[in-house]
$ cat model-v2.txt   # compact mmCIF, C-alpha atoms
# COMPACT_ATOMS: atom_id res chain seq x y z
CA MET A 1 95.02 70.78 124.82
CA TRP A 2 98.47 72.23 124.84
CA VAL A 3 101.87 70.85 125.75
CA TYR A 4 104.16 73.43 127.33
CA GLU A 5 107.88 73.50 126.66
CA LYS A 6 109.69 75.38 129.36
CA LYS A 7 111.85 77.43 127.03
CA LEU A 8 111.46 80.43 124.75
CA GLN A 9 110.92 80.06 121.01
CA TYR A 10 113.98 82.27 120.42
CA PRO A 11 116.50 83.39 123.03
CA VAL A 12 115.81 86.82 124.52
CA ARG A 13 118.91 88.85 125.25
CA VAL A 14 118.96 92.41 126.52
CA SER A 15 122.24 94.35 126.57
CA THR A 16 121.29 97.57 128.39
CA CYS A 17 119.09 98.49 131.37
CA ASN A 18 116.53 100.61 129.53
CA PRO A 19 113.04 100.75 131.05
CA ARG A 20 111.96 103.23 128.37
CA LEU A 21 112.22 100.48 125.76
CA ALA A 22 109.93 98.34 127.91
CA LYS A 23 107.32 101.08 127.69
CA TYR A 24 107.42 100.84 123.88
CA LEU A 25 107.59 97.04 123.77
CA ILE A 26 104.41 96.72 125.82
CA GLU A 27 102.61 97.77 122.60
CA GLN A 28 103.22 94.24 121.32
CA TYR A 29 102.04 92.78 124.63
CA GLY A 30 98.65 94.41 125.15
CA GLY A 31 98.22 96.62 122.08
CA ALA A 32 95.62 96.34 119.31
CA ASP A 33 98.06 94.57 116.96
CA GLY A 34 99.96 92.81 119.72
CA GLU A 35 100.59 89.15 120.34
CA LEU A 36 97.74 88.71 122.85
CA ALA A 37 95.21 90.11 120.37
CA ALA A 38 96.64 87.88 117.64
CA ALA A 39 96.56 84.67 119.71
CA LEU A 40 93.02 85.23 120.97
CA ARG A 41 91.75 86.28 117.53
CA TYR A 42 93.03 83.18 115.70
CA LEU A 43 92.24 80.62 118.39
CA ASN A 44 88.67 81.93 118.55
CA GLN A 45 88.04 82.25 114.80
CA ARG A 46 89.13 78.68 114.12
CA TYR A 47 85.85 77.13 115.32
CA THR A 48 83.87 78.63 112.47
CA ILE A 49 86.32 78.42 109.58
CA PRO A 50 86.40 75.63 106.93
CA ASP A 51 88.15 72.45 108.13
CA LYS A 52 91.00 72.89 105.64
CA VAL A 53 92.40 75.93 107.46
CA VAL A 54 91.48 75.21 111.11
CA GLY A 55 94.91 73.66 111.72
CA LEU A 56 96.66 76.75 110.41
CA LEU A 57 94.78 79.03 112.82
CA THR A 58 95.57 76.65 115.69
CA ASP A 59 99.27 76.57 114.84
CA ILE A 60 99.66 80.30 114.35
CA GLY A 61 97.48 81.18 117.37
CA THR A 62 99.62 78.90 119.50
CA GLU A 63 102.84 80.43 118.19
CA GLU A 64 101.53 83.90 119.06
CA PHE A 65 101.51 82.84 122.72
CA ALA A 66 105.16 81.86 122.36
CA HIS A 67 105.81 85.37 121.01
CA LEU A 68 103.81 86.90 123.88
CA GLU A 69 106.12 85.08 126.26
CA MET A 70 109.19 86.49 124.49
CA ILE A 71 107.85 90.05 124.69
CA ALA A 72 107.03 89.50 128.37
CA THR A 73 110.59 88.34 128.98
CA MET A 74 112.00 91.41 127.22
CA VAL A 75 109.80 93.78 129.25
CA TYR A 76 110.62 91.98 132.48
CA LYS A 77 114.38 92.05 131.86
CA LEU A 78 114.31 95.73 130.95
CA THR A 79 112.45 96.76 134.11
CA LYS A 80 113.19 94.23 136.84
CA ASP A 81 116.06 96.17 138.44
CA ALA A 82 114.83 99.69 137.69
CA THR A 83 114.32 101.98 140.69
CA PRO A 84 111.04 103.90 141.06
CA ASP A 85 112.96 107.00 139.92
CA GLN A 86 114.19 105.21 136.80
CA MET A 87 110.63 104.05 136.09
CA LYS A 88 109.48 107.65 136.47
CA ALA A 89 112.24 108.92 134.15
CA ALA A 90 111.19 106.31 131.56
CA GLY A 91 107.61 107.58 131.59
CA LEU A 92 106.43 104.55 133.54
CA ALA A 93 105.36 106.34 136.74
CA GLY A 94 101.68 105.76 135.91
CA HIS A 95 102.36 102.08 135.34
CA PHE A 96 104.37 101.85 138.55
CA ALA A 97 101.58 103.50 140.58
CA ASP A 98 99.11 100.83 139.49
CA HIS A 99 101.26 97.74 138.95
CA ASP A 100 104.72 98.19 140.49
CA LYS A 101 106.95 96.14 138.12
CA ALA A 102 104.18 93.73 137.19
CA LEU A 103 103.37 93.35 133.52
CA PHE A 104 99.91 94.28 132.38
CA TYR A 105 97.96 93.97 129.13
CA HIS A 106 97.95 97.54 127.91
CA ASN A 107 99.53 99.38 125.00
CA ALA A 108 102.48 101.77 124.96
CA ALA A 109 100.15 104.62 125.94
CA GLY A 110 98.71 102.68 128.91
CA VAL A 111 95.32 101.91 127.33
CA PRO A 112 94.16 98.51 128.62
CA TRP A 113 93.63 95.65 126.16
CA THR A 114 90.06 95.20 124.96
CA ALA A 115 88.24 92.49 123.00
CA THR A 116 87.07 95.23 120.63
CA TYR A 117 90.56 95.00 119.07
CA ILE A 118 89.62 91.65 117.53
CA GLN A 119 86.76 90.26 115.48
CA ALA A 120 85.22 86.95 114.51
CA LYS A 121 82.88 87.63 111.62
CA GLY A 122 82.04 84.02 110.79
CA ASP A 123 82.77 84.75 107.13
CA PRO A 124 86.00 82.88 106.28
CA ILE A 125 87.32 85.44 103.78
CA ALA A 126 86.49 88.40 106.03
CA ASP A 127 88.22 86.68 108.97
CA LEU A 128 91.33 85.68 107.00
CA TYR A 129 91.66 89.18 105.52
CA GLU A 130 91.54 90.58 109.04
CA ASP A 131 94.24 88.09 110.03
CA ILE A 132 96.48 89.13 107.12
CA ALA A 133 95.99 92.79 108.05
CA ALA A 134 96.81 91.98 111.69
CA GLU A 135 100.07 90.30 110.67
CA GLU A 136 101.10 93.23 108.47
CA LYS A 137 100.32 95.69 111.29
CA ALA A 138 102.32 93.62 113.76
CA ARG A 139 105.19 93.52 111.23
CA ALA A 140 105.06 97.32 110.99
CA THR A 141 105.01 97.64 114.80
CA TYR A 142 108.20 95.56 115.00
CA GLN A 143 109.81 97.85 112.41
CA TRP A 144 109.02 100.95 114.49
CA LEU A 145 110.25 99.20 117.64
CA ILE A 146 113.56 98.38 115.92
CA ASP A 147 113.74 102.04 114.81
CA LEU A 148 113.26 103.18 118.43
CA SER A 149 115.68 100.71 120.01
CA ASP A 150 119.43 101.10 120.42
CA ASP A 151 119.87 97.61 121.87
CA PRO A 152 121.52 95.25 119.34
CA ASP A 153 120.64 92.06 121.27
CA LEU A 154 117.02 93.11 121.65
CA ASN A 155 116.80 94.07 117.98
CA ASP A 156 117.99 90.59 117.04
CA GLY A 157 114.96 89.13 118.84
CA LEU A 158 112.63 91.74 117.35
CA ARG A 159 113.90 90.94 113.84
CA TYR A 160 113.12 87.28 114.46
CA LEU A 161 109.58 88.15 115.60
CA ARG A 162 109.07 90.38 112.55
CA GLU A 163 110.18 87.55 110.27
CA ARG A 164 107.58 85.28 111.84
CA GLU A 165 104.89 87.87 111.04
CA VAL A 166 106.03 87.73 107.39
CA ILE A 167 105.62 83.95 107.38
CA HIS A 168 102.24 84.05 109.13
CA SER A 169 100.96 86.57 106.60
CA GLN A 170 102.17 84.31 103.78
CA ARG A 171 100.35 81.30 105.25
CA PHE A 172 97.10 83.25 105.77
CA ARG A 173 97.34 84.40 102.14
CA GLU A 174 97.73 80.74 101.12
CA ALA A 175 94.68 79.87 103.24
CA VAL A 176 92.67 82.37 101.19
CA GLU A 177 93.96 80.69 98.01
CA ILE A 178 92.86 77.28 99.35
CA LEU A 179 89.36 78.56 100.09
CA LYS A 180 89.12 80.29 96.69
CA GLU A 181 90.12 77.18 94.78
CA ASP A 182 87.44 75.52 92.69
CA ARG A 183 89.49 72.75 91.00
CA GLY A 184 86.91 72.65 88.18
CA LYS A 185 84.69 70.24 90.10
CA LYS A 186 81.03 70.09 89.22
CA LYS A 187 79.06 70.91 92.30
CA VAL A 188 75.35 70.59 92.84
CA PHE A 189 73.85 72.70 95.57
CA MET B 1 110.08 86.28 92.63
CA SER B 2 113.57 87.09 93.95
CA LYS B 3 113.76 89.93 91.40
CA HIS B 4 111.72 92.10 93.75
CA THR B 5 113.22 94.52 96.25
CA TRP B 6 111.84 94.32 99.79
CA TYR B 7 112.03 98.08 100.32
CA LYS B 8 110.79 100.95 98.20
CA THR B 9 111.42 104.65 98.50
CA TYR B 10 109.65 107.86 97.55
CA ARG B 11 110.48 111.54 97.77
CA PRO B 12 107.82 113.52 99.62
CA TYR B 13 107.18 117.18 98.83
CA ILE B 14 109.49 119.44 100.84
CA SER B 15 108.19 122.91 101.63
CA PRO B 16 110.57 125.83 102.24
CA MET B 17 108.31 126.58 105.23
CA ASP B 18 108.80 123.16 106.92
CA PRO B 19 109.87 123.55 110.56
CA CYS B 20 112.12 120.48 110.78
CA PRO B 21 115.13 119.52 108.64
CA PRO B 22 113.56 117.53 105.79
CA ILE B 23 113.79 113.77 105.35
CA THR B 24 114.15 113.81 101.58
CA VAL B 25 113.72 110.08 100.96
CA LYS B 26 111.10 107.96 102.76
CA ARG B 27 111.40 104.19 102.86
CA TYR B 28 108.69 101.56 103.23
CA SER B 29 108.67 97.79 103.41
CA THR B 30 107.18 95.58 100.68
CA PRO B 31 107.99 92.14 102.12
CA PRO B 32 108.26 88.85 100.18
CA GLU B 33 104.77 87.54 101.03
CA LEU B 34 103.28 90.21 98.75
CA TYR B 35 104.79 88.55 95.68
CA VAL B 36 104.79 84.78 96.19
CA GLY B 37 101.13 83.73 96.05
CA TYR B 38 100.74 80.04 96.87
CA GLN B 39 104.23 78.82 97.70
CA PRO B 40 105.58 76.72 94.79
CA PRO B 41 107.32 73.40 95.58
CA GLY B 42 111.08 72.93 95.60
CA LEU B 43 112.24 76.32 96.88
CA ALA B 44 115.69 76.75 98.40
CA GLN B 45 115.95 76.14 102.15
CA PHE B 46 118.29 77.28 104.91
CA PRO B 47 120.19 74.57 106.79
CA ALA B 48 118.23 73.70 109.97
CA TYR B 49 120.31 75.71 112.44
CA GLU B 50 120.37 78.82 110.24
CA ALA B 51 116.62 78.49 109.72
CA LEU B 52 116.05 78.57 113.49
CA LYS B 53 117.98 81.84 113.67
CA ALA B 54 116.43 83.38 110.56
CA GLY B 55 112.86 82.64 111.65
CA THR B 56 112.08 80.84 108.39
CA LEU B 57 113.12 77.69 106.59
CA TRP B 58 112.71 79.36 103.19
CA LYS B 59 115.38 81.66 101.80
CA CYS B 60 112.91 83.55 99.64
CA PHE B 61 110.95 84.72 102.71
CA TYR B 62 113.95 85.96 104.67
CA ASP B 63 113.77 89.75 104.88
CA PRO B 64 115.45 91.14 108.01
CA TYR B 65 114.56 94.73 108.91
CA TYR B 66 117.26 97.18 109.97
CA SER B 67 116.67 100.74 111.13
CA VAL B 68 118.35 103.59 109.25
CA LYS B 69 120.40 104.14 112.42
CA GLU B 70 121.63 100.53 112.35
CA MET B 71 122.49 100.68 108.67
CA LYS B 72 124.58 103.81 109.24
CA LYS B 73 126.46 101.93 111.96
CA GLY B 74 127.03 99.08 109.50
CA VAL B 75 125.12 96.55 111.62
CA ARG B 76 123.59 94.99 108.53
CA GLU B 77 125.71 92.12 107.25
$ encode --input "model-v2.txt" --output "structure tokens"
Amino acid sequence: MWVYEKKLQYPVRVSTCNPRLAKYLIEQYGGADGELAAALRYLNQRYTIPDKVVGLLTDIGTEEFAHLEMIATMVYKLTKDATPDQMKAAGLAGHFADHDKALFYHNAAGVPWTATYIQAKGDPIADLYEDIAAEEKARATYQWLIDLSDDPDLNDGLRYLREREVIHSQRFREAVEILKEDRGKKKVF
Amino acid sequence: MSKHTWYKTYRPYISPMDPCPPITVKRYSTPPELYVGYQPPGLAQFPAYEALKAGTLWKCFYDPYYSVKEMKKGVRE
């Protein structure tokens, strides 16, 4: 069960009307290394991972939804007052034809989200290594988004999100250490 | 741990036949989590309000990314 707090994890500010940035940001919404993929991956893997690290996957998976909401807010703010012509000029004519201003789970190139982006292997190390890789790829995506963006307020939010990826990666790496640990106990199988 | 730099650079080969003006130095990120291992106890923390803004409680994990464009503008504090 979840408890919803009606506020964003970090304030989202946007200084310029720039629908083109929304087109790039949607990569983190419905892309392979985006927040939706991350949330669904972790919250699904946690059922078949050792008890010691279930809580970590729950916490991080939940936080990814908070990030998804921030990205959604950014995209919404950047496009909500754009005219059809501005959407067209931003390369969003295809999106507009199908969705008007509605958000949709696809990547920056318009490819719809698919469950084939994520995996649950049932092997704890394989799953955690995938999770670490996912965090590093999301971190890189935020770097390229900051490189593309000229909006200082937006970049502030993107830097925050990138920092969270750093922390998540660190915690997944610690989860691997926990599962590796043998504490010199004698075990009989 | 804090002796590490969070960014590394390399110089790719530049051909005289390259069509675009060369980028002589390429930069890549090597963030703090690559070096820490299991987090040791007693590390320095940000005050609560700063931590909320930084995105981490722990100073050693704080590694904000700025684009080359931003750094030229002097955005980085």
$ interface_residues --input "model-v2.txt" --of "chain A" --to "chain B" --cutoff "9 Å" --atoms "only C-alpha atoms" --output "MDAnalysis selection string"
chainID A and resid 10 140 142:144 146:150 152 155 159:164 166:167 169:171 173:175 177:178
$ write_last_selection --input "model-v2.txt" --atoms "C-alpha atoms" --output "compact mmCIF listing (two decimals), in the frame of the given file"
# COMPACT_ATOMS: atom_id res chain seq x y z
CA TYR A 10 113.98 82.27 120.42
CA ALA A 140 105.06 97.32 110.99
CA TYR A 142 108.20 95.56 115.00
CA GLN A 143 109.81 97.85 112.41
CA TRP A 144 109.02 100.95 114.49
CA ILE A 146 113.56 98.38 115.92
CA ASP A 147 113.74 102.04 114.81
CA LEU A 148 113.26 103.18 118.43
CA SER A 149 115.68 100.71 120.01
CA ASP A 150 119.43 101.10 120.42
CA PRO A 152 121.52 95.25 119.34
CA ASN A 155 116.80 94.07 117.98
CA ARG A 159 113.90 90.94 113.84
CA TYR A 160 113.12 87.28 114.46
CA LEU A 161 109.58 88.15 115.60
CA ARG A 162 109.07 90.38 112.55
CA GLU A 163 110.18 87.55 110.27
CA ARG A 164 107.58 85.28 111.84
CA VAL A 166 106.03 87.73 107.39
CA ILE A 167 105.62 83.95 107.38
CA SER A 169 100.96 86.57 106.60
CA GLN A 170 102.17 84.31 103.78
CA ARG A 171 100.35 81.30 105.25
CA ARG A 173 97.34 84.40 102.14
CA GLU A 174 97.73 80.74 101.12
CA ALA A 175 94.68 79.87 103.24
CA GLU A 177 93.96 80.69 98.01
CA ILE A 178 92.86 77.28 99.35
$ residues_around --input "model-v2.txt" --residues "B:Arg11" --least-positions-apart "6" --cutoff "10 Å" --atoms "only C-alpha atoms" --output "list in words"
Ile23, Thr24, Val25, Lys26 and Arg27 of chain B
$ atom_distance --input "model-v2.txt" --atom1 "atom CA of A:Thr79" --atom2 "atom CA of A:Arg13"
13.5 Å
$ atom_distance --input "model-v2.txt" --atom1 "atom CA of A:Asp33" --atom2 "atom CA of A:His67"
12.7 Å
$ atom_distance --input "model-v2.txt" --atom1 "atom CA of B:Trp6" --atom2 "atom CA of A:Glu165"
14.7 Å
$ closest_residue --input "model-v2.txt" --among "A:Ala133, A:Ala109, A:Leu158, A:Ile26" --to "A:Leu78" --atoms "all atoms listed in the file"
A:Ile26
$ residues_around --input "model-v2.txt" --residues "A:Asp127" --least-positions-apart "5" --cutoff "12 Å" --atoms "all atoms listed in the file" --output "PyMOL selection string"
chain A and resi 41-50+53+57+118-122+132-134+172-173+175-176
$ axis_aligned_box --input "model-v2.txt" --around "stretch 6-10 of chain B" --padding-each-side "8 Å" --output "AutoDock Vina command-line options"
--center_x 110.8 --center_y 101.1 --center_z 98.9 --size_x 18.4 --size_y 29.5 --size_z 18.8
$ closest_residue --input "model-v2.txt" --among "A:Ala90, A:Ala38, A:Pro124, A:Lys137" --to "A:Asp51" --atoms "all atoms listed in the file"
A:Pro124
$ residues_around --input "model-v2.txt" --residues "A:Lys23" --least-positions-apart "5" --cutoff "9 Å" --atoms "only C-alpha atoms" --output "ChimeraX atom specification"
/A:75,90-92,107-110
$ residues_around --input "model-v2.txt" --residues "B:Leu43" --least-positions-apart "2" --cutoff "9 Å" --atoms "all atoms listed in the file" --output "list of chain:residue names"
B:Gln39, B:Pro40, B:Pro41, B:Gln45, B:Trp58, B:Lys59, B:Cys60
$ write_last_selection --input "model-v2.txt" --atoms "C-alpha atoms" --output "compact mmCIF listing (two decimals), in the frame of the given file"
# COMPACT_ATOMS: atom_id res chain seq x y z
CA GLN B 39 104.23 78.82 97.70
CA PRO B 40 105.58 76.72 94.79
CA PRO B 41 107.32 73.40 95.58
CA GLN B 45 115.95 76.14 102.15
CA TRP B 58 112.71 79.36 103.19
CA LYS B 59 115.38 81.66 101.80
CA CYS B 60 112.91 83.55 99.64
$ closest_residue --input "model-v2.txt" --among "A:Glu27, A:Glu135, A:Asp98, A:Asp123" --to "A:Ile60" --atoms "only C-alpha atoms"
A:Glu135
$ closest_residue --input "model-v2.txt" --among "A:Thr62, A:Gln28, A:Asn18, A:Gln9" --to "A:Phe104" --atoms "all atoms listed in the file"
A:Gln28
